[in-house]
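Structure below is query03.pdb: PDB, C-alpha atoms, pLDDT in the B column.
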```
ATOM      1  CA  MET A  24      19.915  41.887  25.739  1.00 92.00           C
ATOM      2  CA  LEU A  25      20.806  38.219  25.191  1.00 97.00           C
ATOM      3  CA  LYS A  26      23.089  36.203  27.436  1.00 97.00           C
ATOM      4  CA  LEU A  27      24.232  32.593  27.219  1.00 97.00           C
ATOM      5  CA  ASP A  28      25.606  31.527  30.581  1.00 96.00           C
ATOM      6  CA  ASN A  29      27.723  28.359  30.608  1.00 96.00           C
ATOM      7  CA  ILE A  30      25.348  26.405  28.362  1.00 95.00           C
ATOM      8  CA  SER A  31      25.786  22.757  27.414  1.00 95.00           C
ATOM      9  CA  ALA A  32      23.842  20.748  24.834  1.00 95.00           C
ATOM     10  CA  GLY A  33      24.102  17.634  22.724  1.00 91.00           C
ATOM     11  CA  TYR A  34      22.441  14.951  20.648  1.00 92.00           C
ATOM     12  CA  GLY A  35      22.001  11.593  22.353  1.00 88.00           C
ATOM     13  CA  ALA A  36      25.323  10.550  23.820  1.00 88.00           C
ATOM     14  CA  VAL A  37      27.199  13.149  21.772  1.00 90.00           C
ATOM     15  CA  SER A  38      28.113  16.453  23.419  1.00 92.00           C
ATOM     16  CA  ALA A  39      27.888  19.431  21.031  1.00 92.00           C
ATOM     17  CA  LEU A  40      28.404  22.336  23.442  1.00 95.00           C
ATOM     18  CA  GLU A  41      30.171  22.465  26.785  1.00 95.00           C
ATOM     19  CA  GLY A  42      30.227  25.551  29.004  1.00 94.00           C
ATOM     20  CA  VAL A  43      29.590  28.129  26.275  1.00 96.00           C
ATOM     21  CA  SER A  44      28.967  31.738  27.328  1.00 96.00           C
ATOM     22  CA  LEU A  45      28.374  34.846  25.236  1.00 95.00           C
ATOM     23  CA  GLU A  46      26.560  38.158  25.437  1.00 96.00           C
ATOM     24  CA  ILE A  47      24.909  40.405  22.861  1.00 97.00           C
ATOM     25  CA  ALA A  48      24.008  43.999  23.620  1.00 96.00           C
ATOM     26  CA  ASP A  49      20.977  45.767  22.194  1.00 96.00           C
ATOM     27  CA  GLY A  50      21.702  46.944  18.640  1.00 95.00           C
ATOM     28  CA  GLN A  51      24.939  44.985  18.320  1.00 96.00           C
ATOM     29  CA  MET A  52      26.019  42.693  15.481  1.00 97.00           C
ATOM     30  CA  VAL A  53      28.007  39.749  16.806  1.00 97.00           C
ATOM     31  CA  CYS A  54      29.568  36.957  14.765  1.00 96.00           C
ATOM     32  CA  LEU A  55      30.069  33.362  15.876  1.00 96.00           C
ATOM     33  CA  LEU A  56      32.921  31.614  14.074  1.00 94.00           C
ATOM     34  CA  GLY A  57      34.476  28.165  14.057  1.00 91.00           C
ATOM     35  CA  ALA A  58      35.187  25.122  11.913  1.00 88.00           C
ATOM     36  CA  ASN A  59      32.478  22.743  10.734  1.00 87.00           C
ATOM     37  CA  GLY A  60      31.137  20.799  13.709  1.00 87.00           C
ATOM     38  CA  ALA A  61      32.320  23.354  16.249  1.00 91.00           C
ATOM     39  CA  GLY A  62      28.782  23.838  17.601  1.00 93.00           C
ATOM     40  CA  LYS A  63      27.768  27.095  15.922  1.00 95.00           C
ATOM     41  CA  SER A  64      24.408  25.950  14.557  1.00 94.00           C
ATOM     42  CA  THR A  65      23.660  24.113  17.794  1.00 95.00           C
ATOM     43  CA  THR A  66      24.198  27.373  19.673  1.00 96.00           C
ATOM     44  CA  LEU A  67      21.619  29.146  17.506  1.00 96.00           C
ATOM     45  CA  ASN A  68      19.195  26.243  17.827  1.00 95.00           C
ATOM     46  CA  CYS A  69      19.513  26.344  21.615  1.00 95.00           C
ATOM     47  CA  ILE A  70      18.634  30.038  21.603  1.00 96.00           C
ATOM     48  CA  SER A  71      15.626  29.339  19.349  1.00 94.00           C
ATOM     49  CA  GLY A  72      14.381  26.565  21.626  1.00 93.00           C
ATOM     50  CA  VAL A  73      14.860  23.854  18.987  1.00 92.00           C
ATOM     51  CA  VAL A  74      17.640  22.054  20.902  1.00 93.00           C
ATOM     52  CA  PRO A  75      17.138  21.718  24.696  1.00 92.00           C
ATOM     53  CA  LEU A  76      19.841  22.699  27.128  1.00 94.00           C
ATOM     54  CA  ARG A  77      21.626  20.143  29.271  1.00 94.00           C
ATOM     55  CA  GLY A  78      23.101  22.800  31.504  1.00 94.00           C
ATOM     56  CA  GLY A  79      23.469  26.544  31.952  1.00 95.00           C
ATOM     57  CA  GLN A  80      20.885  29.115  31.006  1.00 96.00           C
ATOM     58  CA  ILE A  81      19.883  31.515  28.247  1.00 96.00           C
ATOM     59  CA  LEU A  82      18.532  34.905  29.290  1.00 96.00           C
ATOM     60  CA  LEU A  83      16.617  37.458  27.228  1.00 96.00           C
ATOM     61  CA  ASP A  84      16.476  40.799  29.032  1.00 94.00           C
ATOM     62  CA  GLY A  85      17.325  38.875  32.194  1.00 93.00           C
ATOM     63  CA  ALA A  86      14.458  36.379  31.845  1.00 94.00           C
ATOM     64  CA  PRO A  87      15.324  32.680  31.298  1.00 94.00           C
ATOM     65  CA  LEU A  88      14.272  31.023  28.032  1.00 92.00           C
ATOM     66  CA  ALA A  89      14.912  27.394  29.022  1.00 81.00           C
ATOM     67  CA  GLY A  90      11.805  25.240  28.650  1.00 83.00           C
ATOM     68  CA  ILE A  91       9.904  27.842  26.644  1.00 90.00           C
ATOM     69  CA  LYS A  92       8.417  26.632  23.342  1.00 91.00           C
ATOM     70  CA  ALA A  93      10.042  27.825  20.123  1.00 90.00           C
ATOM     71  CA  GLU A  94       6.866  29.664  19.078  1.00 90.00           C
ATOM     72  CA  GLU A  95       6.879  31.684  22.296  1.00 92.00           C
ATOM     73  CA  ILE A  96      10.562  32.529  21.819  1.00 94.00           C
ATOM     74  CA  VAL A  97       9.668  33.961  18.401  1.00 93.00           C
ATOM     75  CA  ARG A  98       6.860  35.924  20.010  1.00 92.00           C
ATOM     76  CA  ARG A  99       9.361  37.352  22.509  1.00 93.00           C
ATOM     77  CA  GLY A 100      11.446  38.723  19.664  1.00 94.00           C
ATOM     78  CA  ILE A 101      13.979  36.127  18.481  1.00 96.00           C
ATOM     79  CA  ALA A 102      13.837  34.871  14.887  1.00 96.00           C
ATOM     80  CA  GLN A 103      16.222  32.527  13.101  1.00 95.00           C
ATOM     81  CA  VAL A 104      17.296  32.300   9.466  1.00 94.00           C
ATOM     82  CA  PRO A 105      18.379  28.644   9.274  1.00 90.00           C
ATOM     83  CA  GLU A 106      21.205  27.271   7.197  1.00 87.00           C
ATOM     84  CA  GLY A 107      20.334  25.819   3.806  1.00 78.00           C
ATOM     85  CA  ARG A 108      17.540  28.140   2.644  1.00 76.00           C
ATOM     86  CA  GLU A 109      14.675  26.072   4.058  1.00 84.00           C
ATOM     87  CA  THR A 110      11.769  27.610   2.170  1.00 89.00           C
ATOM     88  CA  TYR A 111       8.430  25.923   1.541  1.00 89.00           C
ATOM     89  CA  PRO A 112       9.088  25.217  -2.158  1.00 93.00           C
ATOM     90  CA  GLY A 113       5.511  24.457  -3.178  1.00 94.00           C
ATOM     91  CA  MET A 114       4.165  27.678  -1.661  1.00 95.00           C
ATOM     92  CA  SER A 115       4.337  31.125  -3.213  1.00 96.00           C
ATOM     93  CA  VAL A 116       6.759  33.802  -2.090  1.00 96.00           C
ATOM     94  CA  HIS A 117       3.806  35.707  -0.624  1.00 95.00           C
ATOM     95  CA  ASP A 118       2.586  32.712   1.385  1.00 95.00           C
ATOM     96  CA  ASN A 119       6.082  31.924   2.665  1.00 95.00           C
ATOM     97  CA  LEU A 120       6.337  35.472   3.964  1.00 95.00           C
ATOM     98  CA  VAL A 121       2.882  35.494   5.527  1.00 93.00           C
ATOM     99  CA  LEU A 122       3.751  32.263   7.315  1.00 91.00           C
ATOM    100  CA  GLY A 123       6.700  34.093   8.870  1.00 90.00           C
ATOM    101  CA  GLY A 124       4.235  36.441  10.546  1.00 87.00           C
ATOM    102  CA  TRP A 125       2.221  33.582  12.053  1.00 83.00           C
ATOM    103  CA  VAL A 126       2.679  34.821  15.624  1.00 79.00           C
ATOM    104  CA  HIS A 127       0.856  38.019  14.569  1.00 74.00           C
ATOM    105  CA  ARG A 128      -1.810  36.228  12.498  1.00 71.00           C
ATOM    106  CA  ARG A 129      -4.708  38.029  14.197  1.00 69.00           C
ATOM    107  CA  LYS A 130      -3.264  41.432  13.268  1.00 74.00           C
ATOM    108  CA  ARG A 131      -3.859  41.596   9.523  1.00 79.00           C
ATOM    109  CA  SER A 132      -2.890  45.231   9.175  1.00 79.00           C
ATOM    110  CA  LEU A 133       0.442  44.490  10.853  1.00 81.00           C
ATOM    111  CA  ILE A 134       1.065  41.592   8.447  1.00 88.00           C
ATOM    112  CA  ARG A 135       0.382  43.898   5.484  1.00 90.00           C
ATOM    113  CA  ASP A 136       2.738  46.538   6.873  1.00 90.00           C
ATOM    114  CA  GLU A 137       5.513  44.000   7.398  1.00 91.00           C
ATOM    115  CA  LEU A 138       5.007  42.629   3.885  1.00 94.00           C
ATOM    116  CA  ASP A 139       5.442  46.126   2.493  1.00 93.00           C
ATOM    117  CA  LYS A 140       8.684  46.539   4.469  1.00 94.00           C
ATOM    118  CA  VAL A 141      10.080  43.223   3.217  1.00 95.00           C
ATOM    119  CA  TYR A 142       9.192  44.048  -0.384  1.00 95.00           C
ATOM    120  CA  ALA A 143      10.841  47.450  -0.016  1.00 94.00           C
ATOM    121  CA  LEU A 144      13.958  45.751   1.331  1.00 92.00           C
ATOM    122  CA  PHE A 145      13.930  43.060  -1.360  1.00 93.00           C
ATOM    123  CA  PRO A 146      12.137  44.371  -4.488  1.00 93.00           C
ATOM    124  CA  ARG A 147      13.018  41.115  -6.252  1.00 93.00           C
ATOM    125  CA  LEU A 148      10.639  39.274  -3.933  1.00 95.00           C
ATOM    126  CA  LYS A 149       7.823  41.621  -4.895  1.00 95.00           C
ATOM    127  CA  GLU A 150       8.473  40.790  -8.551  1.00 94.00           C
ATOM    128  CA  ARG A 151       8.288  37.063  -7.685  1.00 93.00           C
ATOM    129  CA  GLU A 152       5.386  37.404  -5.237  1.00 94.00           C
ATOM    130  CA  GLN A 153       3.172  34.686  -6.758  1.00 95.00           C
ATOM    131  CA  GLN A 154       6.007  32.405  -7.875  1.00 94.00           C
ATOM    132  CA  HIS A 155       6.685  29.143  -6.040  1.00 96.00           C
ATOM    133  CA  ALA A 156       9.640  29.504  -3.670  1.00 94.00           C
ATOM    134  CA  GLY A 157      11.223  26.362  -5.090  1.00 92.00           C
ATOM    135  CA  LEU A 158      11.665  28.102  -8.454  1.00 93.00           C
ATOM    136  CA  LEU A 159      13.689  30.999  -7.044  1.00 93.00           C
ATOM    137  CA  SER A 160      17.437  31.329  -7.474  1.00 91.00           C
ATOM    138  CA  GLY A 161      19.705  30.682  -4.500  1.00 89.00           C
ATOM    139  CA  GLY A 162      20.090  34.391  -3.824  1.00 90.00           C
ATOM    140  CA  GLU A 163      16.349  34.982  -4.048  1.00 92.00           C
ATOM    141  CA  GLN A 164      15.689  32.101  -1.658  1.00 93.00           C
ATOM    142  CA  GLN A 165      18.087  33.622   0.854  1.00 92.00           C
ATOM    143  CA  MET A 166      16.263  36.944   0.539  1.00 92.00           C
ATOM    144  CA  LEU A 167      13.023  35.067   1.179  1.00 95.00           C
ATOM    145  CA  MET A 168      14.437  33.374   4.265  1.00 94.00           C
ATOM    146  CA  ILE A 169      15.533  36.697   5.727  1.00 94.00           C
ATOM    147  CA  GLY A 170      12.250  38.336   4.786  1.00 95.00           C
ATOM    148  CA  ARG A 171      10.267  35.520   6.358  1.00 95.00           C
ATOM    149  CA  ALA A 172      12.182  35.930   9.629  1.00 95.00           C
ATOM    150  CA  LEU A 173      11.631  39.703   9.575  1.00 95.00           C
ATOM    151  CA  MET A 174       7.862  39.177   9.288  1.00 94.00           C
ATOM    152  CA  SER A 175       7.761  38.259  12.995  1.00 92.00           C
ATOM    153  CA  GLN A 176       9.127  41.715  13.918  1.00 92.00           C
ATOM    154  CA  PRO A 177      12.207  40.313  15.700  1.00 95.00           C
ATOM    155  CA  ARG A 178      14.374  42.248  18.107  1.00 95.00           C
ATOM    156  CA  ILE A 179      17.179  39.722  17.570  1.00 97.00           C
ATOM    157  CA  LEU A 180      17.903  38.009  14.263  1.00 97.00           C
ATOM    158  CA  LEU A 181      19.905  34.764  14.295  1.00 97.00           C
ATOM    159  CA  MET A 182      21.533  34.041  10.929  1.00 96.00           C
ATOM    160  CA  ASP A 183      23.126  30.685  10.059  1.00 94.00           C
ATOM    161  CA  GLU A 184      25.554  30.773   7.112  1.00 91.00           C
ATOM    162  CA  PRO A 185      23.711  33.363   4.973  1.00 91.00           C
ATOM    163  CA  SER A 186      26.464  33.406   2.312  1.00 88.00           C
ATOM    164  CA  LEU A 187      26.493  29.620   1.797  1.00 86.00           C
ATOM    165  CA  GLY A 188      26.413  28.713  -1.898  1.00 83.00           C
ATOM    166  CA  LEU A 189      26.099  32.274  -3.195  1.00 85.00           C
ATOM    167  CA  SER A 190      28.345  34.016  -5.696  1.00 87.00           C
ATOM    168  CA  PRO A 191      30.734  36.718  -4.370  1.00 89.00           C
ATOM    169  CA  VAL A 192      28.618  39.472  -5.952  1.00 89.00           C
ATOM    170  CA  LEU A 193      25.436  38.218  -4.278  1.00 89.00           C
ATOM    171  CA  VAL A 194      27.244  37.807  -0.972  1.00 90.00           C
ATOM    172  CA  GLU A 195      28.354  41.456  -1.030  1.00 91.00           C
ATOM    173  CA  ARG A 196      24.810  42.635  -1.816  1.00 90.00           C
ATOM    174  CA  LEU A 197      23.310  40.428   0.859  1.00 90.00           C
ATOM    175  CA  PHE A 198      25.722  41.654   3.513  1.00 92.00           C
ATOM    176  CA  GLU A 199      25.039  45.262   2.556  1.00 93.00           C
ATOM    177  CA  THR A 200      21.407  44.547   3.461  1.00 92.00           C
ATOM    178  CA  ILE A 201      22.387  42.807   6.711  1.00 94.00           C
ATOM    179  CA  VAL A 202      24.554  45.777   7.721  1.00 95.00           C
ATOM    180  CA  GLN A 203      21.680  48.147   6.946  1.00 94.00           C
ATOM    181  CA  LEU A 204      19.299  46.117   9.101  1.00 95.00           C
ATOM    182  CA  ASN A 205      21.768  46.395  11.967  1.00 95.00           C
ATOM    183  CA  ARG A 206      22.183  50.136  11.435  1.00 95.00           C
ATOM    184  CA  ASP A 207      18.413  50.442  11.601  1.00 94.00           C
ATOM    185  CA  GLY A 208      18.549  48.982  15.117  1.00 94.00           C
ATOM    186  CA  LEU A 209      18.145  45.219  14.644  1.00 96.00           C
ATOM    187  CA  THR A 210      20.373  43.124  16.906  1.00 97.00           C
ATOM    188  CA  ILE A 211      22.060  40.318  14.929  1.00 97.00           C
ATOM    189  CA  LEU A 212      23.962  37.156  15.820  1.00 97.00           C
ATOM    190  CA  ILE A 213      25.513  35.734  12.670  1.00 96.00           C
ATOM    191  CA  VAL A 214      27.195  32.386  12.061  1.00 95.00           C
ATOM    192  CA  GLU A 215      29.367  32.599   8.967  1.00 91.00           C
ATOM    193  CA  GLN A 216      32.117  30.501   7.355  1.00 86.00           C
ATOM    194  CA  ASN A 217      33.480  33.603   5.639  1.00 88.00           C
ATOM    195  CA  ALA A 218      35.280  34.753   8.779  1.00 90.00           C
ATOM    196  CA  GLN A 219      36.941  37.723   7.086  1.00 90.00           C
ATOM    197  CA  LEU A 220      33.596  39.134   5.996  1.00 91.00           C
ATOM    198  CA  ALA A 221      31.870  38.350   9.299  1.00 93.00           C
ATOM    199  CA  LEU A 222      34.537  40.167  11.308  1.00 94.00           C
ATOM    200  CA  ARG A 223      34.431  43.105   8.906  1.00 92.00           C
ATOM    201  CA  VAL A 224      30.699  43.756   9.388  1.00 94.00           C
ATOM    202  CA  SER A 225      30.330  42.841  13.078  1.00 96.00           C
ATOM    203  CA  GLN A 226      31.396  44.676  16.206  1.00 96.00           C
ATOM    204  CA  TYR A 227      32.286  41.656  18.320  1.00 96.00           C
ATOM    205  CA  GLY A 228      33.210  38.039  17.647  1.00 96.00           C
ATOM    206  CA  TYR A 229      33.269  34.667  19.398  1.00 96.00           C
ATOM    207  CA  ILE A 230      35.160  31.605  18.176  1.00 94.00           C
ATOM    208  CA  LEU A 231      34.091  28.056  19.017  1.00 93.00           C
ATOM    209  CA  GLU A 232      36.363  25.025  18.897  1.00 92.00           C
ATOM    210  CA  ASN A 233      34.983  21.528  19.483  1.00 92.00           C
ATOM    211  CA  GLY A 234      31.942  22.832  21.307  1.00 93.00           C
ATOM    212  CA  GLU A 235      33.859  25.119  23.648  1.00 94.00           C
ATOM    213  CA  MET A 236      34.573  28.847  23.549  1.00 93.00           C
ATOM    214  CA  ALA A 237      38.140  29.317  22.326  1.00 91.00           C
ATOM    215  CA  THR A 238      38.387  33.115  22.315  1.00 91.00           C
ATOM    216  CA  HIS A 239      36.375  36.269  21.864  1.00 94.00           C
ATOM    217  CA  GLY A 240      36.899  39.989  21.492  1.00 94.00           C
ATOM    218  CA  ASN A 241      36.272  43.075  19.414  1.00 95.00           C
ATOM    219  CA  SER A 242      36.112  42.152  15.749  1.00 94.00           C
ATOM    220  CA  ASP A 243      38.996  44.441  14.792  1.00 92.00           C
ATOM    221  CA  THR A 244      41.148  42.890  17.531  1.00 93.00           C
ATOM    222  CA  LEU A 245      40.357  39.373  16.340  1.00 92.00           C
ATOM    223  CA  ARG A 246      41.208  40.308  12.758  1.00 90.00           C
ATOM    224  CA  ARG A 247      44.672  41.388  13.914  1.00 88.00           C
ATOM    225  CA  ASP A 248      45.270  38.376  16.172  1.00 87.00           C
ATOM    226  CA  PRO A 249      47.997  36.200  14.528  1.00 86.00           C
ATOM    227  CA  LYS A 250      46.438  32.937  15.749  1.00 84.00           C
ATOM    228  CA  VAL A 251      42.988  33.909  14.470  1.00 84.00           C
ATOM    229  CA  ARG A 252      44.439  35.063  11.152  1.00 85.00           C
ATOM    230  CA  GLU A 253      46.288  31.784  10.679  1.00 80.00           C
ATOM    231  CA  ALA A 254      43.415  29.518  11.744  1.00 77.00           C
ATOM    232  CA  TYR A 255      40.396  31.297  10.257  1.00 74.00           C
ATOM    233  CA  LEU A 256      41.402  34.077   7.898  1.00 73.00           C
ATOM    234  CA  GLY A 257      43.895  32.193   5.750  1.00 65.00           C
ATOM    235  CA  THR A 258      46.718  34.695   6.392  1.00 58.00           C
TER     236      THR A 258
END
```
Since I need it in another form, could you write the structure as structure tokens?
Amino acid sequence: MLKLDNISAGYGAVSALEGVSLEIADGQMVCLLGANGAGKSTTLNCISGVVPLRGGQILLDGAPLAGIKAEEIVRRGIAQVPEGRETYPGMSVHDNLVLGGWVHRRKRSLIRDELDKVYALFPRLKEREQQHAGLLSGGEQQMLMIGRALMSQPRILLMDEPSLGLSPVLVERLFETIVQLNRDGLTILIVEQNAQLALRVSQYGYILENGEMATHGNSDTLRRDPKVREAYLGT
């Protein structure tokens, strides 16, 4: 479904990615691992059209995405949950979610249906519907970020550090929801510092080092790899 073919990207004179390739099949959950500064977030931002490519290409169902505006990429079925829970704090939960369905703004019945689905997935958001997003707890804000991305009816969900700053109990609950979304057919590419957890819930994994692809393989194989265990799993 999604293919990154030898992509390169950077910021000014600084190179962030060099010759990175990966593939994600329809319905798959894939994790992207690596140390801070390895290029994980840049990879997601390249897919979303936020960071331009310097080389290579990104293909969705065989069609190139390079040069396409971020809004059109969302319309084609790719949505991103950015790192850091970037809600609109002065807006209500409801309005944050409706904004996530902006690409379908002329289809009011569709927006209502998607709202109902998000509230069914995260009942806590329904309880906080008219509350300002900035007053939510960290866990509730992460629910809102995921819900807002789901409002665009994505085929592929890009997730950047969803467990960041959450308690272990909330992390387990959140990942139960992520796994369920994948089981329901949503394709997911997840960047996650908790490598043990990411490899446990995904089917395939890629590991970046200094902007280059270090290794990749089935998640179970990576979990058993001595070098991966020593470098990323703390064992």
Counting all atoms listed in the file, which residues of stretch 34-105 of chain A sit at most 8 Å from some atom of stretch 210-221 of chain A, and what is each one's closest atom pair with its distance in Å to one decimal, listed by chain and rising residue number, as CSV?
```
residue,atom,partner,partner_atom,distance
A:Ile47,CA,A:Leu212,CA,7.8
A:Ala48,CA,A:Thr210,CA,7.7
A:Asp49,CA,A:Thr210,CA,5.9
A:Gly50,CA,A:Thr210,CA,4.4
A:Gln51,CA,A:Thr210,CA,5.1
A:Met52,CA,A:Ile211,CA,4.6
A:Val53,CA,A:Leu212,CA,4.9
A:Cys54,CA,A:Ile213,CA,4.7
A:Leu55,CA,A:Val214,CA,4.9
A:Leu56,CA,A:Val214,CA,6.1
A:Gly57,CA,A:Gln216,CA,7.5
A:Ala58,CA,A:Gln216,CA,7.7
A:Lys63,CA,A:Val214,CA,6.6
A:Ser64,CA,A:Val214,CA,7.4
```
task: In the coordinate frame of the file, compute which residues have an atom within 10 Å of (32.3, 42.2, 20.7) when using only C-alpha atoms, and state them as a PyMOL selection string.
output: chain A and resi 45-48+51-54+222+225-229+239-245
Which of A:Pro177, A:Gly107, A:Gly162, A:Gly157 sits closest to A:Phe198 [using all atoms listed in the file]: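 Going through A:Pro177, A:Gly107, A:Gly162, A:Gly157 one by one, the smallest distance to A:Phe198 is for A:Gly162.
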message: From (26.1, 28.5, 33.0), in the file's coordinates, out to 10 Å: which residues are reached, counting all atoms listed in the file? Answer as a ChimeraX atom specification.
response: /A:26-31,41-44,78-81
Let's have the selection written as a compact mmCIF listing (two decimals), in the frame of the given file, with C-alpha atoms.
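Wrote it out as part14.txt, contents follow:
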```txt
# COMPACT_ATOMS: atom_id res chain seq x y z
CA LYS A 26 23.09 36.20 27.44
CA LEU A 27 24.23 32.59 27.22
CA ASP A 28 25.61 31.53 30.58
CA ASN A 29 27.72 28.36 30.61
CA ILE A 30 25.35 26.40 28.36
CA SER A 31 25.79 22.76 27.41
CA GLU A 41 30.17 22.46 26.78
CA GLY A 42 30.23 25.55 29.00
CA VAL A 43 29.59 28.13 26.28
CA SER A 44 28.97 31.74 27.33
CA GLY A 78 23.10 22.80 31.50
CA GLY A 79 23.47 26.54 31.95
CA GLN A 80 20.88 29.12 31.01
CA ILE A 81 19.88 31.52 28.25
```
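Going from atom CA of A:Leu133 to atom CA of A:Leu120 covers 12.8 Å.
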field: Given the PyMOL selection byres ((chain A and resi 159) around 12), the residues it picks as a list in words
entry: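 Those residues are Arg108, Thr110, Tyr111, Pro112, Gly113, Met114, Ser115, Val116, Arg147, Leu148, Glu150, Arg151, Glu152, Gln153, Gln154, His155, Ala156, Gly157, Leu158, Ser160, Gly161, Gly162, Glu163, Gln164, Gln165, Met166, Leu167 and Met168 of chain A.
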Written selection (C-alpha atoms) as a compact mmCIF listing (two decimals), keeping the file's coordinate frame:
```
# COMPACT_ATOMS: atom_id res chain seq x y z
CA ARG A 108 17.54 28.14 2.64
CA THR A 110 11.77 27.61 2.17
CA TYR A 111 8.43 25.92 1.54
CA PRO A 112 9.09 25.22 -2.16
CA GLY A 113 5.51 24.46 -3.18
CA MET A 114 4.16 27.68 -1.66
CA SER A 115 4.34 31.12 -3.21
CA VAL A 116 6.76 33.80 -2.09
CA ARG A 147 13.02 41.12 -6.25
CA LEU A 148 10.64 39.27 -3.93
CA GLU A 150 8.47 40.79 -8.55
CA ARG A 151 8.29 37.06 -7.68
CA GLU A 152 5.39 37.40 -5.24
CA GLN A 153 3.17 34.69 -6.76
CA GLN A 154 6.01 32.40 -7.88
CA HIS A 155 6.68 29.14 -6.04
CA ALA A 156 9.64 29.50 -3.67
CA GLY A 157 11.22 26.36 -5.09
CA LEU A 158 11.66 28.10 -8.45
CA SER A 160 17.44 31.33 -7.47
CA GLY A 161 19.70 30.68 -4.50
CA GLY A 162 20.09 34.39 -3.82
CA GLU A 163 16.35 34.98 -4.05
CA GLN A 164 15.69 32.10 -1.66
CA GLN A 165 18.09 33.62 0.85
CA MET A 166 16.26 36.94 0.54
CA LEU A 167 13.02 35.07 1.18
CA MET A 168 14.44 33.37 4.26
```
